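First up is the structure itself, then whatever we jot down about it.
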Amino acid sequence: YRVSAVLHIGQLSVFFCQVFRSQLSISSVSDQDAYRAGLQPLSQWKAYGLNGYPGFIFIPNPFLPGCQRHWVKQCLKLYPQKPNVCNLDLHMAPEKTIDLWGQSKEQLRRKCSSKREPRSLLEKLRWVTLGYHYNWDTKKYSANHHTPFPSDLAFLSEQVAAACGFRGFQAQAGILNYYHFDSSLGIHVDESELDHSWPLLSFSFGQSSIFLLGGLKREEAPTAMFMHSGDIMVMSGFSRLLYHAVPRVLPNPEGTALPSCLDQALSSDLPVGSVIEHSSDEDWQVCAKYLQSSRINMTIRQVLAEGQKFPEESGTDGKGRAPSEDSQHQENSRAKRLKLNTES
């Protein structure tokens with residue numbers, strides 16, 4: 001894809017595309033529930049749409065100070081734990097992937113950016129699946145390959161979906177993607193969910209990236225935009241089944257090791273029922289070192305409509321195998337990245 005100019009509108013940057021303010025359903029999420037999820041009151045959010053992409057909503061960082069740290073820590077320390085599934089399960093014995101955090105934290109803490117060193121197991125992490133585990137071979141979900149979805153992430157997702165007009169959204173499946181500066185995600189469409197009437201939610205943390213939003217056909221020219229730490233994207237309606245890709249991960253535009261929003265400390269006065277937890281200084285030191293060259297993206301989906309069941313399956317246990325790392329993230333030369341020939 002060729003692009004030659006960029007417009008900056010607020011924190012949203014897009015190529016040749018008119019941006020407009022989107023209306024949120026402010027009454028659908030109380031300030032208390034927003035606080036419990038680590039979010040600002042909806043009255044303080046900004047939301048944007050793009051002409052030609054009905055159902056696409058871009059929300060520049062709506063998180064309260066310090067709250068992004070919780071989600072980063074969960075994605076690195078908790079969510080990769082068993083029984084969740086990750087790309088390393090392809091190459092390693094089960095007992096070797098039980099505690100990726102514990103096996104990596106000292107190596108990450110000592111890591112020197114000016115010296116080339118072997119990557120820790122956490123740095124080799126490319127994806128983790130939650131809830132209904134996506135079968136990368138059949139590109140399907142299955143009733144018999146399911147583990148409990150994290151309750152904190154479900155609550156966050158429910159509030160964001162409600163804010164965008166989708167009250168009743170159920171977080172049933174998640175794919176976490178872990179990117180480095182030499183990573184990309186190929187052009188694809190998320191169509192494996194059995195019910196497409198619910199939105200796809202995307203949360204970004206860490207370094208920035210270029211996101212390409214295409215059309216209903218792979219060959220349609222995309223619109224490009226920057227995604228920064230804390231930004232949320234919602235793909236619904238017409239935009240729910242559009243092709244999209246992440247061809248580049250870039251240093252955050254502030255020119256610092258981490259974006260300033262990640263340097264902010266979490267308030268000591270968390271509301272009753274908050275899903276946000278304080279991170280120890282030791283844990284955040286590991287997370288911060290990881291994020292100096294990385295980006296984490298969480299995509300959350302509802303797989304089934306209310307009362308819907310999976311079709312009967314034959315000849316499979318529903319689990320299948322996970323993809324190789326190269327089928328998820330292309331980590332070769334820039335030319336190969338821009339071919340965008342992988343699947344999610």
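Ordering of the structure tokens sets the chain letters (A, B, ...), residue numbers begin anew at 1 in every chain, and ligands are numbered from 1 in the order given.
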**Message:** For Ser280 in chain A, find every residue with an atom within 12 Å (counting only C-alpha atoms), except residues of its own chain fewer than 3 positions away, and show them as a PyMOL selection string.
**Reply:** chain A and resi 69-70+73+265-266+277+283-287
Export of prior selection with N, CA, C and O atoms as a PDB file, in the first residue's frame:
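Wrote part-v4.pdb, looks like this:
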```
ATOM      1  N   ARG A  69      -1.168   0.868  33.336  1.00  0.00           N
ATOM      2  CA  ARG A  69      -0.170  -0.051  33.892  1.00  0.00           C
ATOM      3  C   ARG A  69      -0.794  -1.380  34.315  1.00  0.00           C
ATOM      4  O   ARG A  69      -0.154  -2.438  34.206  1.00  0.00           O
ATOM      5  N   HIS A  70      -2.019  -1.327  34.817  1.00  0.00           N
ATOM      6  CA  HIS A  70      -2.690  -2.562  35.235  1.00  0.00           C
ATOM      7  C   HIS A  70      -2.817  -3.519  34.056  1.00  0.00           C
ATOM      8  O   HIS A  70      -2.509  -4.715  34.177  1.00  0.00           O
ATOM      9  N   LYS A  73       0.512  -5.018  32.910  1.00  0.00           N
ATOM     10  CA  LYS A  73       0.963  -6.076  33.818  1.00  0.00           C
ATOM     11  C   LYS A  73       0.139  -7.349  33.627  1.00  0.00           C
ATOM     12  O   LYS A  73       0.693  -8.468  33.623  1.00  0.00           O
ATOM     13  N   ALA A 265       1.576   7.841  37.838  1.00  0.00           N
ATOM     14  CA  ALA A 265       1.330   6.907  38.936  1.00  0.00           C
ATOM     15  C   ALA A 265      -0.167   6.715  39.146  1.00  0.00           C
ATOM     16  O   ALA A 265      -0.976   7.608  38.887  1.00  0.00           O
ATOM     17  N   LEU A 266      -0.532   5.540  39.622  1.00  0.00           N
ATOM     18  CA  LEU A 266      -1.922   5.217  39.912  1.00  0.00           C
ATOM     19  C   LEU A 266      -2.330   5.842  41.243  1.00  0.00           C
ATOM     20  O   LEU A 266      -1.565   5.830  42.216  1.00  0.00           O
ATOM     21  N   GLU A 277      -5.686  -2.949  39.867  1.00  0.00           N
ATOM     22  CA  GLU A 277      -4.831  -3.283  41.004  1.00  0.00           C
ATOM     23  C   GLU A 277      -3.535  -2.486  40.916  1.00  0.00           C
ATOM     24  O   GLU A 277      -3.038  -2.210  39.817  1.00  0.00           O
ATOM     25  N   ASP A 283       7.441  -4.984  39.782  1.00  0.00           N
ATOM     26  CA  ASP A 283       6.717  -5.475  38.610  1.00  0.00           C
ATOM     27  C   ASP A 283       6.712  -4.431  37.496  1.00  0.00           C
ATOM     28  O   ASP A 283       6.903  -4.760  36.317  1.00  0.00           O
ATOM     29  N   TRP A 284       6.476  -3.180  37.852  1.00  0.00           N
ATOM     30  CA  TRP A 284       6.411  -2.162  36.804  1.00  0.00           C
ATOM     31  C   TRP A 284       7.769  -1.945  36.147  1.00  0.00           C
ATOM     32  O   TRP A 284       7.864  -1.641  34.963  1.00  0.00           O
ATOM     33  N   GLN A 285       8.845  -2.132  36.892  1.00  0.00           N
ATOM     34  CA  GLN A 285      10.175  -2.013  36.314  1.00  0.00           C
ATOM     35  C   GLN A 285      10.356  -3.020  35.181  1.00  0.00           C
ATOM     36  O   GLN A 285      10.917  -2.711  34.128  1.00  0.00           O
ATOM     37  N   VAL A 286       9.862  -4.231  35.380  1.00  0.00           N
ATOM     38  CA  VAL A 286       9.939  -5.264  34.342  1.00  0.00           C
ATOM     39  C   VAL A 286       9.056  -4.884  33.145  1.00  0.00           C
ATOM     40  O   VAL A 286       9.472  -4.964  31.995  1.00  0.00           O
ATOM     41  N   CYS A 287       7.817  -4.448  33.444  1.00  0.00           N
ATOM     42  CA  CYS A 287       6.898  -4.059  32.369  1.00  0.00           C
ATOM     43  C   CYS A 287       7.459  -2.900  31.552  1.00  0.00           C
ATOM     44  O   CYS A 287       7.377  -2.886  30.317  1.00  0.00           O
TER      45      CYS A 287
END
```
**Message:** Just want the 6 Å neighbourhood of range 45-50 of chain A, counted on only C-alpha atoms, with same-chain residues fewer than 2 positions away dropped. Output as a list in words.
**Reply:**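 That gives Gln18, Val19, Phe20, Arg21, Ser22, Leu42, Ser43, Tyr53, Phe56, Ile57, Phe58, Ile59 and Pro62 of chain A.
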**Message:** Residues of range 86-228 of chain A classed as strand (DSSP E) by DSSP on the backbone are to be reported as a PyMOL selection string.
**Reply:** chain A and resi 86+127-131+173-180+185-188+200-206+208-213+223-227
**Message:** Env of Pro41 in chain A: 10 Å cut, atoms = only C-alpha atoms, seq-sep filter 4 positions within chain, self excluded. Answer as number ranges by chain.
**Reply:** A: 26, 29-35, 45, 62-64
Output C-alpha atoms of each residue in that selection to a file, as a PDB file, in the first residue's frame.
```pdb
ATOM      1  CA  ILE A  26     -22.940   8.771  27.966  1.00  0.00           C
ATOM      2  CA  VAL A  29     -21.992   4.008  31.743  1.00  0.00           C
ATOM      3  CA  SER A  30     -22.054   5.612  35.173  1.00  0.00           C
ATOM      4  CA  ASP A  31     -19.036   7.580  36.337  1.00  0.00           C
ATOM      5  CA  GLN A  32     -18.606   4.996  39.098  1.00  0.00           C
ATOM      6  CA  ASP A  33     -18.436   2.092  36.651  1.00  0.00           C
ATOM      7  CA  ALA A  34     -16.021   4.039  34.459  1.00  0.00           C
ATOM      8  CA  TYR A  35     -13.783   4.646  37.490  1.00  0.00           C
ATOM      9  CA  TRP A  45     -13.892  11.148  26.368  1.00  0.00           C
ATOM     10  CA  PRO A  62      -9.630   7.527  27.881  1.00  0.00           C
ATOM     11  CA  PHE A  63      -7.769   5.838  30.758  1.00  0.00           C
ATOM     12  CA  LEU A  64      -7.284   7.460  34.142  1.00  0.00           C
TER      13      LEU A  64
END
```
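Close contacts of His244 in chain A, defined as residues with an atom at most 6 Å away when counting only C-alpha atoms, with chain neighbours fewer than 5 positions off set aside, comprise Ile187, His188, Leu212, Leu213 and Gly214 of chain A.
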